[in-house]
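Chemist: This is the structure I have questions about; it appears just below.
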Amino acid sequence: YSVTDENKNATDRAEINSTTGELTAKKEGKIKVKARFAGAKWVYYYNATISKSLNGTYFIQNKQHSKYLQTSNNSEITELWDFDGEDHQRWEITHVSGGYYKIRSESLDEYVSVASGSTNTDNCALVFEDYKGYDRQLWKIEKSSRGNYVFYPKSTPSDKNFCMGAGNYLILGNGLNVNQRLYEDDDELRDEWRLSNTETPSFCQITLDYDKAN
């Protein structure tokens, strides 16, 4: 086994054990893995993309309101409140598979979920449930064109573009609901977020695709 950059030049983005094939990611970017298997006629090449893992515990701040995601007083739904740093504002984000994450409340030990029966509903409140691996409990976390994070539920129907966002402005202060809503790529930013933590990000998410054999 050997590893290079995508143009087959030396790289410092990853290291690989030449005997076992164990790959250790070091930096974000694209790499190419060369593998020759015992008894095989061909040499195989794989393209890989290393991305920064978001695994960690965060405070999640809404970019429109500058308030923080937290559990409601009755611990049933998600809301926005001024920062206080308590466990009800702390969220453990863990990669599950395929770029999807689960989001656990540190105060409840339950997970942010789209409510059962509401996966096709705009402006529905997000709830907390024990983790069962449902699509409505998994979130794709991507950066917007403005560099903020957007949370997309895996349960989104193919003809919709739902995300996590601040609800309609029935409440302008603390206690505004956080809902599943249609993403709007504009300057209002109620569906975009800032993540802050004190942990050093780890480069542990690798997407591997077969390239060719020759």
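Labeling convention for the structure tokens: chains A, B, ... as they appear, residues from 1 per chain, ligands from 1 in order of appearance.
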Run DSSP on the backbone and tell me which residues of region 96-155 of chain A come out as strand (DSSP E or B); list them as a ChimeraX atom specification.
Modeler: /A:96-97,100-105,111-114,124-129,139-143,149-153
Chemist: As a PyMOL selection string, please: the residues near region 97-102 of chain A (cut-off 7 Å, only C-alpha atoms, same-chain neighbours under 6 positions excluded).
Modeler: chain A and resi 111+137-140
Chemist: Considering only C-alpha atoms, can you say which of A:Thr49, A:Asn7, A:Asn123, A:Asn73 comes closest to Gly29 (chain A)?
Modeler: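 Checking each of A:Thr49, A:Asn7, A:Asn123, A:Asn73 against Gly29 (chain A), counting only C-alpha atoms, the winner is A:Thr49.
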Chemist: Do you know which residues are at most 7 Å from Phe162 (chain A) counting only C-alpha atoms, after dropping those on the same chain fewer than 6 positions away, and could you put them as a list in words?
Modeler: Tyr152, Pro153, Thr156, Gln180, Arg181, Leu182 and Tyr183 of chain A
Chemist: Restricting the output to C-alpha atoms, write the selected residues as a compact mmCIF listing (two decimals), in the first residue's frame.
Modeler:
```
# COMPACT_ATOMS: atom_id res chain seq x y z
CA TYR A 152 -30.39 19.01 6.97
CA PRO A 153 -32.46 16.06 8.28
CA THR A 156 -36.26 15.19 4.07
CA GLN A 180 -37.85 21.96 10.63
CA ARG A 181 -38.28 24.51 7.87
CA LEU A 182 -37.51 24.99 4.19
CA TYR A 183 -33.98 26.28 3.69
```
Chemist: Of the candidates A:Ala25, A:Ile50, A:Leu176, A:Ala125, which one gets nearest to Trp81 (chain A) if we count only C-alpha atoms?
Modeler: A:Leu176
Chemist: Quick one: residues within 6 Å of Val127 (chain A), only C-alpha atoms counted, chain neighbours fewer than 5 positions away excluded, as number ranges by chain?
Modeler: A: 76-77, 112-113, 115
Chemist: Find the residues near Tyr1 (chain A): any atom within 9 Å, counting only C-alpha atoms, skip ones fewer than 2 places away on the same chain, and give them as a list in words.
Modeler: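 Contacts, with the query itself left out: Val3, Ile16, Asn17, Ser18, Thr19, Thr20, Gly21, Glu22, Val33, Lys34, Ala35, Arg36 and Phe37 of chain A.
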Chemist: Neighbours of Thr57 (chain A) within 8 Å (only C-alpha atoms; same-chain residues fewer than 6 positions away dropped), as a short mmCIF file (atom, residue, chain, number, x, y, z; two decimals) with C-alpha atoms, in the first residue's frame?
Modeler:
```cif
data_model
loop_
_atom_site.label_atom_id
_atom_site.label_comp_id
_atom_site.auth_asym_id
_atom_site.auth_seq_id
_atom_site.Cartn_x
_atom_site.Cartn_y
_atom_site.Cartn_z
CA ARG A 90 -24.50 21.76 25.24
CA TRP A 91 -24.85 19.40 22.28
CA GLU A 92 -22.80 16.30 21.51
CA ILE A 93 -22.44 15.82 17.75
CA ASN A 197 -16.30 24.29 21.22
CA GLU A 199 -11.85 20.74 21.34
#
```
Chemist: By how many Å are CA of Gln64 (chain A) and CA of Arg194 (chain A) apart?
Modeler: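 Distance between the two atoms: 10.3 Å.
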Chemist: With only C-alpha atoms as the counted atoms, please give the residues lying no more than 12 Å from Phe59 (chain A), apart from itself and same-chain residues fewer than 2 positions off, as a PyMOL selection string.
Modeler: chain A and resi 56-57+61-62+66-70+80-93+103-106+193-199
Chemist: Write out the residues from the selection above, keeping N, CA and C atoms, as a compact mmCIF listing (two decimals), in the first residue's frame.
Modeler:
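Below is the file that was written, part.txt:
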```txt
# COMPACT_ATOMS: atom_id res chain seq x y z
N GLY A 56 -17.79 16.12 18.53
CA GLY A 56 -17.44 16.94 19.68
C GLY A 56 -18.68 17.49 20.36
N THR A 57 -18.47 18.28 21.40
CA THR A 57 -19.56 18.91 22.14
C THR A 57 -19.53 20.41 21.87
N GLN A 61 -25.14 28.35 17.94
CA GLN A 61 -25.69 29.71 17.94
C GLN A 61 -26.39 30.01 16.62
N ASN A 62 -27.62 30.50 16.71
CA ASN A 62 -28.35 30.92 15.50
C ASN A 62 -27.79 32.24 14.99
N SER A 66 -28.57 35.45 17.12
CA SER A 66 -27.41 35.43 18.03
C SER A 66 -27.74 34.77 19.36
N LYS A 67 -28.79 33.93 19.41
CA LYS A 67 -29.14 33.17 20.59
C LYS A 67 -28.78 31.71 20.37
N TYR A 68 -28.84 30.92 21.44
CA TYR A 68 -28.28 29.57 21.42
C TYR A 68 -29.36 28.50 21.52
N LEU A 69 -29.12 27.42 20.81
CA LEU A 69 -30.03 26.27 20.85
C LEU A 69 -30.02 25.67 22.25
N GLN A 70 -31.21 25.45 22.81
CA GLN A 70 -31.28 24.78 24.09
C GLN A 70 -32.61 24.03 24.21
N LEU A 80 -34.53 28.84 21.31
CA LEU A 80 -33.38 29.75 21.31
C LEU A 80 -33.42 30.61 22.56
N TRP A 81 -32.24 30.71 23.25
CA TRP A 81 -32.14 31.51 24.47
C TRP A 81 -30.77 32.19 24.50
N ASP A 82 -30.67 33.23 25.34
CA ASP A 82 -29.37 33.86 25.58
C ASP A 82 -28.39 32.82 26.13
N PHE A 83 -27.12 33.04 25.89
CA PHE A 83 -26.09 32.09 26.31
C PHE A 83 -25.97 32.04 27.83
N ASP A 84 -25.94 30.81 28.38
CA ASP A 84 -25.63 30.66 29.80
C ASP A 84 -24.61 29.55 30.05
N GLY A 85 -24.29 28.74 29.02
CA GLY A 85 -23.25 27.73 29.13
C GLY A 85 -23.62 26.49 29.91
N GLU A 86 -24.90 26.36 30.30
CA GLU A 86 -25.33 25.20 31.05
C GLU A 86 -25.53 23.99 30.14
N ASP A 87 -25.74 22.82 30.77
CA ASP A 87 -25.86 21.59 29.98
C ASP A 87 -27.02 21.63 28.99
N HIS A 88 -28.06 22.40 29.28
CA HIS A 88 -29.20 22.45 28.34
C HIS A 88 -28.84 23.21 27.05
N GLN A 89 -27.64 23.79 26.99
CA GLN A 89 -27.15 24.42 25.75
C GLN A 89 -25.96 23.68 25.16
N ARG A 90 -25.64 22.53 25.72
CA ARG A 90 -24.50 21.76 25.24
C ARG A 90 -24.99 20.58 24.42
N TRP A 91 -24.38 20.40 23.24
CA TRP A 91 -24.85 19.40 22.28
C TRP A 91 -23.67 18.54 21.81
N GLU A 92 -23.82 17.24 21.97
CA GLU A 92 -22.80 16.30 21.51
C GLU A 92 -23.14 15.86 20.09
N ILE A 93 -22.25 16.17 19.16
CA ILE A 93 -22.44 15.82 17.75
C ILE A 93 -21.54 14.65 17.42
N ILE A 103 -27.38 14.24 17.13
CA ILE A 103 -27.17 15.39 18.00
C ILE A 103 -27.83 15.11 19.34
N ARG A 104 -27.01 14.96 20.37
CA ARG A 104 -27.51 14.58 21.69
C ARG A 104 -27.50 15.76 22.66
N SER A 105 -28.60 15.96 23.35
CA SER A 105 -28.67 16.96 24.41
C SER A 105 -27.94 16.42 25.64
N GLU A 106 -26.98 17.19 26.16
CA GLU A 106 -26.26 16.75 27.34
C GLU A 106 -27.13 16.77 28.60
N TRP A 193 -26.14 28.48 11.28
CA TRP A 193 -25.68 28.34 12.66
C TRP A 193 -24.16 28.45 12.77
N ARG A 194 -23.73 28.83 13.97
CA ARG A 194 -22.31 28.83 14.31
C ARG A 194 -22.08 27.78 15.39
N LEU A 195 -21.05 26.96 15.21
CA LEU A 195 -20.69 25.96 16.20
C LEU A 195 -19.44 26.43 16.94
N SER A 196 -19.46 26.32 18.27
CA SER A 196 -18.27 26.70 19.05
C SER A 196 -18.00 25.63 20.10
N ASN A 197 -16.74 25.21 20.17
CA ASN A 197 -16.30 24.29 21.22
C ASN A 197 -14.83 24.55 21.52
N THR A 198 -14.30 23.82 22.48
CA THR A 198 -12.91 24.02 22.88
C THR A 198 -12.04 22.83 22.51
N GLU A 199 -12.58 21.93 21.71
CA GLU A 199 -11.85 20.74 21.34
C GLU A 199 -11.13 20.94 20.02
```
Chemist: In Å to one decimal, how far is CA of Glu28 (chain A) from CA of Ser51 (chain A)?
Modeler: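 Computing the Euclidean distance for CA of Ser51 (chain A) and CA of Glu28 (chain A) yields 5.1 Å.
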Chemist: Provide the CA of Thr4 (chain A) to CA of Val96 (chain A) distance in Å, to one decimal place.
Modeler: 27.4 Å
Chemist: Between A:Thr119, A:Glu110, A:Gly167, A:Arg146, which residue has the minimum interatomic distance to Asp187 (chain A), considering only C-alpha atoms?
Modeler: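 Using only C-alpha atoms, Asp187 (chain A) sits closest to A:Arg146.
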